[in-house]
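For reference, the structure discussed in these notes is given below.
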Amino acid sequence: MAIIGIDLGTTNSACAVWQQGQAVMVPNRLGKFLTPSVVGIDEGGNILVGETARERLISHPAMTVAVFKRAMGSQQTFRLGKKSISPIELSSLVLQSLKEDAEAFLNEPVQQAVISVPAYFNDLQRKATRQAAQLAGLEVERLINEPTAAAMVYGLHEADDSTSFLILDLGGGTFDVTLVEYFAGVLEVHASSGDNFLGGEDFTKALVEHYLRDNGLTLFDLDSRQQQHLYSILNDAKHALASNQTVAVKPCLPQQQQDWLLSRDRFEELIAPLLQRIRYPVEKTLRDSEMKPNDIDEVVLVGGSTRMLPIRSLVSRMFGRLPAANVDPDLVVAMGTAIQAGLKEKNSDLDDVVLTDVCPYSLGTDVINEHDHDGKQGQLFMPIIERNSTVPTSIEKMVWTAADNQTRILIGVYQGESRLVKNNVYLGELEAPVPRGPRGKESATIRFSYDMNGLLEVDVTITSTGQKVSKAIVNAPGQLSEEEIARARARLSELKFHPRDSEENRLLIARAERLYESLLDDEREYISRMISQFEAVLERQQLNDIRKLREQLSERLDMYESGRYF
């Protein structure tokens with residue numbers, strides 16, 4: 001039974017499957033590869049999905065819903081006629097439609113899928129995506145980040161040498177940036193960043209706001225049908241600017257007396273704040289991966305909104321080269337999910353590719369805020385697994401009791417980047433008993449272990465008693481079986497040691513210290529600095545950084561021992 005790949009998008013969704021050595025797009029019931037992510041209900045109470053629903057956005061705005069992906073993982077609901085419906089339920093209807101199209105195309109039942117999500121989706125949003133798939137009758141084999149899926153299509157796994165690619169994915173509602181490197185059969189994600197509320201919809205909204213100002217109007221002056229009509233007209237004008245210097249918008253509202261002219265230059269002025277919001281995640285990704293624009297071999301554009309000329313111009317200026325967009329940006333993510341589905345099926349047409357990913361948000365716990373005298377700030381966030389750490393990973397940190405005669409330690413688990421835990425995403429908590437004593441006497445080691453399936457295992461060990469309390473936090477309850485959780489925990493258990501205790505690392509430090517004792521003056525000082533640098537990296541517990549620096553240190557020690565430095 002085939003595993004299908006699905007790109008569940010904000011504006012459009014698509015489905016693909018791996019067949020006969022290639023990713024094949026699955027046509028929908030209208031023979032098209034893109035299915036609008038729009039859900040409606042007709043007068044008879046029948047559900048409409050896709051292009052038919054989109055056509056009714058203008059004529060029946062109260063009975064049609066779009067752009068609901070942005071609300072995934074939240075408590076927001078939408079009105080669909082007289083019903084209140086969640087973004088999970090709306091997404092499940094789109095997934096169900098794609099599932100039915102795939103079954104008709106393959107002429108067999110479909111039960112499993114690889115589904116793409118924005119790289120910057122948090123755990124709640126990923127959990128919501130899995131729940132939507134479950135409602136649609138699909139078992140999620142894997143959630144794959146959209147830029148990672150696109151990278152696979154661009155043939156990174158076929159590259160001969162080490163190659164680094166920056167994937168810029170600007171869709172209808174979200175923007176993702178991911179730095180990927182291929183080396184020796186490994187497709188490694190180094191860093192991801194993004195903006196879950198930046199996409200083509202925002203560029204159209206900027207045009208709508210400008211049009212209303214020019215015509216002395218506000219949205220409150222228009223009814224829902226007029227709003228949808230104006231949005232549709234200006235969205236078409238935005239696309240027309242790709243091939244025209246100026247676009248004339250014919251009167252589309254009673255208040256508009258003559259053609260409204262829009263030039264490329266004016267459009268770029270209007271969207272300048274949005275272009276600035278594109279720069280920030282790009283710069284953040286480069287900073288997190290410690291790379292410069294000149295270090296990137298290729299910049300790849302993904303998502304239909306990257307067709308806008310101001311986007312391509314911005315990227316060209318930032319990197320001093322033309323970006324690549326060789327594959328249809330609307331379809332490339334769906335094709336990548338099909339490749340991942342083929343790998344899951346262990347298809348003989350595909351060579352094994354080791355695909356590593358990163359944790360897009362920091363994971364940590366709450367600690368006492370000593371300076372919160374009025375109680376308005378709340379607890380501080382202490383990151384344990386920093387964002388863009390390669391997964392699977394396991395990191396530990398130490399905490400101490402915060403009050404006299406404290407009898408328990410309550411460990412909250414959060415995801416995010418804010419200094420204050422109240423601004424981050426709460427994932428769960430666990431409690432461990434501690435012996436009574438003065439503040440700061442008792443300590444505990446908190447270890448976070450995280451894998452690609454979204455399993456976060458938290459271990460708390462009380463130093464004085466050795467008592468250990470553990471809890472597994474799964475980002476999608478009900479999606480991982482007990483057997484799968486047990487396998488994941490077994491894999492993570494192999495990582496649960498401090499890197500400084502690794503025999504390989506201890507041996508390298510011993511070797512460096514022996515060489516230090518045999519040298520004098522500048523050479524001795526140089527070896528001392530290298531040892532200190534390596535020990536500092538060990539304390540950060542980032543296994544990839546440790547591996548790279550260990551290789552460098554070993555190579556330099558080889559050179560000293562062979563006399564090539566003298």
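We label chains A, B, ... in the order they appear in the structure tokens, count residues from 1 in each chain, and number ligands from 1 in the order shown.
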Contacts of range 203-217 of chain A at 7 Å or less, counting only C-alpha atoms, minus same-chain residues fewer than 4 places along, as a PyMOL selection string?
-> chain A and resi 221+231+234-235+238+256+270-271
Since we have the selection now, will you write its residues out, keeping C-alpha atoms, as a PDB file, in the first residue's frame?
```
ATOM      1  CA  ASP A 221     -17.448  50.786   4.637  1.00  0.00           C
ATOM      2  CA  TYR A 231      -9.274  41.202  -2.185  1.00  0.00           C
ATOM      3  CA  LEU A 234      -6.045  43.186  -5.972  1.00  0.00           C
ATOM      4  CA  ASN A 235      -4.573  39.711  -5.582  1.00  0.00           C
ATOM      5  CA  LYS A 238      -0.297  41.669  -7.526  1.00  0.00           C
ATOM      6  CA  GLN A 256     -14.225  54.032  -7.230  1.00  0.00           C
ATOM      7  CA  LEU A 270       4.081  49.557   0.094  1.00  0.00           C
ATOM      8  CA  ILE A 271       5.588  46.196   0.979  1.00  0.00           C
TER       9      ILE A 271
END
```
Extract the full set of alpha helix (DSSP H) residues from range 163-394 of chain A according to DSSP on the backbone, and format it as a ChimeraX atom specification.
-> /A:200-214,224-240,264-270,272-288,309-319,332-344
Compare A:Val458, A:Leu420, A:Leu262, A:Leu95 by their minimum atom-to-atom distance to Leu380 in chain A, counting only C-alpha atoms, and give me the closest one.
-> A:Leu420
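The spacing separating CA of Asp7 in chain A from CA of Thr178 in chain A amounts to 17.0 Å.
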Assign secondary structure with DSSP using the backbone only, and return the residues of range 358-540 of chain A in strand (DSSP E) as number ranges by chain.
-> A: 358-359, 363-367, 380-385, 389-391, 393-400, 408-415, 425-433, 443-450, 455-462, 468-474
Using only C-alpha atoms, which residues sit within 10 Å of range 124-138 of chain A once same-chain residues fewer than 5 positions away are excluded, as a ChimeraX atom specification?
-> /A:3-4,8,69-74,87-100,110-119,143,415,425-427,454,474-479
Print the selection's residues with C-alpha atoms to a file, as a PDB file, in the first residue's frame.
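Contents of out-v5.pdb, freshly written:
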```
ATOM      1  CA  ILE A   3       2.466   6.127   1.249  1.00  0.00           C
ATOM      2  CA  ILE A   4       1.478   9.487  -0.203  1.00  0.00           C
ATOM      3  CA  LEU A   8      -0.877  21.102   3.344  1.00  0.00           C
ATOM      4  CA  LYS A  69      -3.813  27.121   8.540  1.00  0.00           C
ATOM      5  CA  ARG A  70      -2.543  30.185  10.377  1.00  0.00           C
ATOM      6  CA  ALA A  71      -4.805  29.288  13.303  1.00  0.00           C
ATOM      7  CA  MET A  72      -3.529  25.707  13.667  1.00  0.00           C
ATOM      8  CA  GLY A  73      -2.613  24.946  17.267  1.00  0.00           C
ATOM      9  CA  SER A  74      -4.788  27.760  18.633  1.00  0.00           C
ATOM     10  CA  PRO A  87      -8.856  24.843  12.047  1.00  0.00           C
ATOM     11  CA  ILE A  88      -8.096  21.170  12.749  1.00  0.00           C
ATOM     12  CA  GLU A  89     -11.480  20.130  11.350  1.00  0.00           C
ATOM     13  CA  LEU A  90     -11.125  22.433   8.339  1.00  0.00           C
ATOM     14  CA  SER A  91      -7.649  21.052   7.593  1.00  0.00           C
ATOM     15  CA  SER A  92      -8.959  17.495   7.929  1.00  0.00           C
ATOM     16  CA  LEU A  93     -11.513  18.204   5.193  1.00  0.00           C
ATOM     17  CA  VAL A  94      -8.747  19.353   2.839  1.00  0.00           C
ATOM     18  CA  LEU A  95      -6.656  16.286   3.723  1.00  0.00           C
ATOM     19  CA  GLN A  96      -9.632  14.010   3.182  1.00  0.00           C
ATOM     20  CA  SER A  97     -10.168  15.510  -0.272  1.00  0.00           C
ATOM     21  CA  LEU A  98      -6.507  14.923  -1.172  1.00  0.00           C
ATOM     22  CA  LYS A  99      -6.717  11.374   0.192  1.00  0.00           C
ATOM     23  CA  GLU A 100      -9.734  10.619  -2.012  1.00  0.00           C
ATOM     24  CA  VAL A 110      -4.536   5.099   1.087  1.00  0.00           C
ATOM     25  CA  GLN A 111      -3.952   5.070   4.826  1.00  0.00           C
ATOM     26  CA  GLN A 112      -0.467   6.529   5.345  1.00  0.00           C
ATOM     27  CA  ALA A 113       1.060   9.891   4.491  1.00  0.00           C
ATOM     28  CA  VAL A 114       4.107  12.084   4.902  1.00  0.00           C
ATOM     29  CA  ILE A 115       2.840  15.619   5.519  1.00  0.00           C
ATOM     30  CA  SER A 116       4.853  18.812   5.308  1.00  0.00           C
ATOM     31  CA  VAL A 117       4.658  21.595   7.893  1.00  0.00           C
ATOM     32  CA  PRO A 118       6.402  24.967   8.132  1.00  0.00           C
ATOM     33  CA  ALA A 119       9.802  24.524   9.740  1.00  0.00           C
ATOM     34  CA  LEU A 143       5.925  15.334   9.506  1.00  0.00           C
ATOM     35  CA  GLN A 415       9.087  25.787  24.109  1.00  0.00           C
ATOM     36  CA  VAL A 425       4.466  27.480  24.821  1.00  0.00           C
ATOM     37  CA  TYR A 426       3.696  25.287  27.839  1.00  0.00           C
ATOM     38  CA  LEU A 427       4.231  21.571  27.097  1.00  0.00           C
ATOM     39  CA  GLY A 454       8.569  14.952  18.644  1.00  0.00           C
ATOM     40  CA  VAL A 474       4.777  13.447  23.064  1.00  0.00           C
ATOM     41  CA  ASN A 475       3.766  16.274  20.739  1.00  0.00           C
ATOM     42  CA  ALA A 476       0.960  14.178  19.308  1.00  0.00           C
ATOM     43  CA  PRO A 477      -0.738  11.928  21.879  1.00  0.00           C
ATOM     44  CA  GLY A 478      -2.290   8.876  20.269  1.00  0.00           C
ATOM     45  CA  GLN A 479      -0.076   9.086  17.172  1.00  0.00           C
TER      46      GLN A 479
END
```
